[in-house]
Every structure is written in structure tokens, then in C-alpha cells.
Amino acid sequence: MTQYKFINSDAEVPGEGGSIPPFFSITTPPSTDVWEKPPSTSRFSAPILYQSMPLESFRRARVAINAQWKHLYDQGGLILVLRKSDGSQKWVKAGVEITHGKPHLGVVAKDRWADWSLLPVPSGGGAATIEMVREADESLWIYLVEGVQKAPIREVTWLFKEADVTELWVGTYAARPGQEGGDLSVEFGHFNVETA
């Protein structure tokens, strides 16, 4: 049975006995983020609900995301965190993030530093279903799922080629990087993780 844990939160893990319910939420206070930017910004303070596994076990993860996005950089989605033997970590997050006045699909991959890609949510709303898939060529592909259709958003080529990875965290996260607005609650649905 899979054991889920929280980091950066003292909330109880939703569900019972390691089984995540079909719908759950993560609440985050302001001033939380997962982000790194030169020369010295390094933040890993967002609540993350995750399970741990060997890197080679991951096959895919999918979740539906929705929230009352209000403030700049409010965000939530899927996250993969590679924990390395020297204590360092690399990560990829993908979900919904508010910027330029409206929700966008955002993907951030942190190797040495983080980068960021955006595109508007096709529906124009604030909800989306995101899937991360380990493809046959060992690339990580991030998809927007709409019904039975999957649209590719981004390819991350290096994730499964990393050396000295002691564990992979696969989870969902919520963040409110700004200081305004009080707590943000992000709703998640049908979180599914597939392993080898």
C-alpha cells in the first residue's frame, strides 16, 4: 500500500490507510513557492503531498487541478522531485499558475536553476488536467488532457538520466508566492500514479 506524506505542511494526509480519495485539497499560506532563480533565490516552501519511489519505477502521473486563483503566481499541480545522494534535489512541476492577469498552464524544470514556460489554459478557465509520462525514449513529457485528447506541452530530456538519485517524490503541490490574500486552497481530482 502506498504511503503518502506531506512536506512543508502539518495537515493530515487525506484519506485512510495510504489511499488518496478521488477529490482532496491542499491549503497553502502566502509566501510559499518552489522556485530557483540566479543569483540567489532558492525556495522550496510549498506544501507537497507525495509518495516516494525509485526513479526507475515511475511511469506516469495525472491529476485534475482547480482553484479560485486570485493573486499573481498562485499555483498548483503535479511535481516530481529527484532527491540526490549529496542532499541536493532537482524537480519538475506542471499545473495552473496565474500570471499576466489570468490562469496559464505553467511548467518549470529545475536542473541547475529553474526555467519556466507558459501557455494560456485553452478553456480560458482556471481548471486543467495535467499528465506527466515517461516515454519510451526516456524523456518526460507533460501533457494537457482534455477528455480523451492529450496535447503535448513540454519535453524534459534529462530527468531519467540523472545519476545518484536516492528517491523520486511524485506528488501534488499548492503555492501562493505573494504575501497577500491569506490561504489558498487548491482542489485536486483523480490523482493517479502508475509505476513499473
# chains A, B, ... in the order shown; residues from 1 in each chain; ligands from 1
>>> select_by_dssp(residues="chain A", states="helix (DSSP H, G or I)", output="PyMOL selection string")
chain A and resi 55-57+159-161
>>> write_last_selection(atoms="N, CA, C and O atoms", output="mmCIF file, in the first residue's frame")
data_model
loop_
_atom_site.group_PDB
_atom_site.id
_atom_site.type_symbol
_atom_site.label_atom_id
_atom_site.label_comp_id
_atom_site.auth_asym_id
_atom_site.auth_seq_id
_atom_site.Cartn_x
_atom_site.Cartn_y
_atom_site.Cartn_z
ATOM 1 N N LEU A 55 13.582 6.101 -8.868
ATOM 2 C CA LEU A 55 13.409 6.831 -10.122
ATOM 3 C C LEU A 55 12.980 5.903 -11.255
ATOM 4 O O LEU A 55 12.109 6.245 -12.054
ATOM 5 N N GLU A 56 13.563 4.693 -11.298
ATOM 6 C CA GLU A 56 13.256 3.778 -12.406
ATOM 7 C C GLU A 56 11.831 3.235 -12.355
ATOM 8 O O GLU A 56 11.341 2.687 -13.337
ATOM 9 N N SER A 57 11.136 3.396 -11.229
ATOM 10 C CA SER A 57 9.772 2.873 -11.102
ATOM 11 C C SER A 57 8.712 3.762 -11.746
ATOM 12 O O SER A 57 7.622 3.291 -12.081
ATOM 13 N N LEU A 159 15.650 14.194 -17.060
ATOM 14 C CA LEU A 159 15.194 13.737 -15.743
ATOM 15 C C LEU A 159 15.577 12.291 -15.437
ATOM 16 O O LEU A 159 16.109 11.987 -14.368
ATOM 17 N N PHE A 160 15.330 11.384 -16.360
ATOM 18 C CA PHE A 160 15.550 9.961 -16.095
ATOM 19 C C PHE A 160 16.987 9.520 -16.380
ATOM 20 O O PHE A 160 17.307 8.346 -16.258
ATOM 21 N N LYS A 161 17.841 10.475 -16.729
ATOM 22 C CA LYS A 161 19.264 10.195 -16.953
ATOM 23 C C LYS A 161 20.125 10.685 -15.797
ATOM 24 O O LYS A 161 21.350 10.590 -15.848
#
>>> residues_around(residues="Ala128 in chain A", least_positions_apart="3", cutoff="8 Å", atoms="only C-alpha atoms", output="PDB file with N, CA, C and O atoms, in the first residue's frame")
ATOM      1  N   ALA A  64      -6.313  16.292 -11.958  1.00  0.00           N
ATOM      2  CA  ALA A  64      -7.117  17.458 -12.319  1.00  0.00           C
ATOM      3  C   ALA A  64      -6.906  18.525 -11.246  1.00  0.00           C
ATOM      4  O   ALA A  64      -6.836  18.210 -10.057  1.00  0.00           O
ATOM      5  N   ILE A  65      -6.797  19.792 -11.665  1.00  0.00           N
ATOM      6  CA  ILE A  65      -6.448  20.903 -10.778  1.00  0.00           C
ATOM      7  C   ILE A  65      -7.476  22.020 -10.953  1.00  0.00           C
ATOM      8  O   ILE A  65      -7.850  22.337 -12.081  1.00  0.00           O
ATOM      9  N   ASN A  66      -7.880  22.625  -9.835  1.00  0.00           N
ATOM     10  CA  ASN A  66      -8.786  23.769  -9.901  1.00  0.00           C
ATOM     11  C   ASN A  66      -8.650  24.575  -8.611  1.00  0.00           C
ATOM     12  O   ASN A  66      -8.359  24.015  -7.552  1.00  0.00           O
ATOM     13  N   GLY A  95       1.364  22.650 -13.886  1.00  0.00           N
ATOM     14  CA  GLY A  95      -0.002  22.844 -13.426  1.00  0.00           C
ATOM     15  C   GLY A  95      -0.565  24.158 -13.910  1.00  0.00           C
ATOM     16  O   GLY A  95      -0.251  24.620 -15.008  1.00  0.00           O
ATOM     17  N   VAL A  96      -1.403  24.746 -13.075  1.00  0.00           N
ATOM     18  CA  VAL A  96      -2.040  26.018 -13.380  1.00  0.00           C
ATOM     19  C   VAL A  96      -1.375  27.091 -12.523  1.00  0.00           C
ATOM     20  O   VAL A  96      -1.142  26.887 -11.327  1.00  0.00           O
ATOM     21  N   VAL A 121      -4.551  28.618 -20.602  1.00  0.00           N
ATOM     22  CA  VAL A 121      -5.443  27.475 -20.453  1.00  0.00           C
ATOM     23  C   VAL A 121      -6.423  27.529 -21.625  1.00  0.00           C
ATOM     24  O   VAL A 121      -7.113  28.537 -21.800  1.00  0.00           O
ATOM     25  N   LEU A 144      -1.403  18.256 -21.538  1.00  0.00           N
ATOM     26  CA  LEU A 144      -2.714  18.730 -21.120  1.00  0.00           C
ATOM     27  C   LEU A 144      -3.717  17.687 -21.596  1.00  0.00           C
ATOM     28  O   LEU A 144      -3.709  17.307 -22.776  1.00  0.00           O
ATOM     29  N   VAL A 145      -4.559  17.215 -20.694  1.00  0.00           N
ATOM     30  CA  VAL A 145      -5.552  16.193 -21.031  1.00  0.00           C
ATOM     31  C   VAL A 145      -6.922  16.862 -21.086  1.00  0.00           C
ATOM     32  O   VAL A 145      -7.351  17.515 -20.130  1.00  0.00           O
ATOM     33  N   GLU A 146      -7.596  16.711 -22.222  1.00  0.00           N
ATOM     34  CA  GLU A 146      -8.957  17.237 -22.400  1.00  0.00           C
ATOM     35  C   GLU A 146      -9.810  16.110 -22.960  1.00  0.00           C
ATOM     36  O   GLU A 146      -9.684  15.767 -24.134  1.00  0.00           O
TER      37      GLU A 146
END
>>> residues_around(residues="Tyr143 in chain A", least_positions_apart="5", cutoff="7 Å", atoms="only C-alpha atoms", output="VMD selection string")
chain A and resid 130 to 132 150 to 153
>>> residues_around(residues="range 73-79 of chain A", least_positions_apart="6", cutoff="8 Å", atoms="only C-alpha atoms", output="PyMOL selection string")
chain A and resi 61-63+65+91-99+130+169-178+184+186
>>> closest_residue(among="A:Asp86, A:Trp69, A:Glu138, A:Thr166", to="Gly125 in chain A", atoms="only C-alpha atoms")
A:Trp69
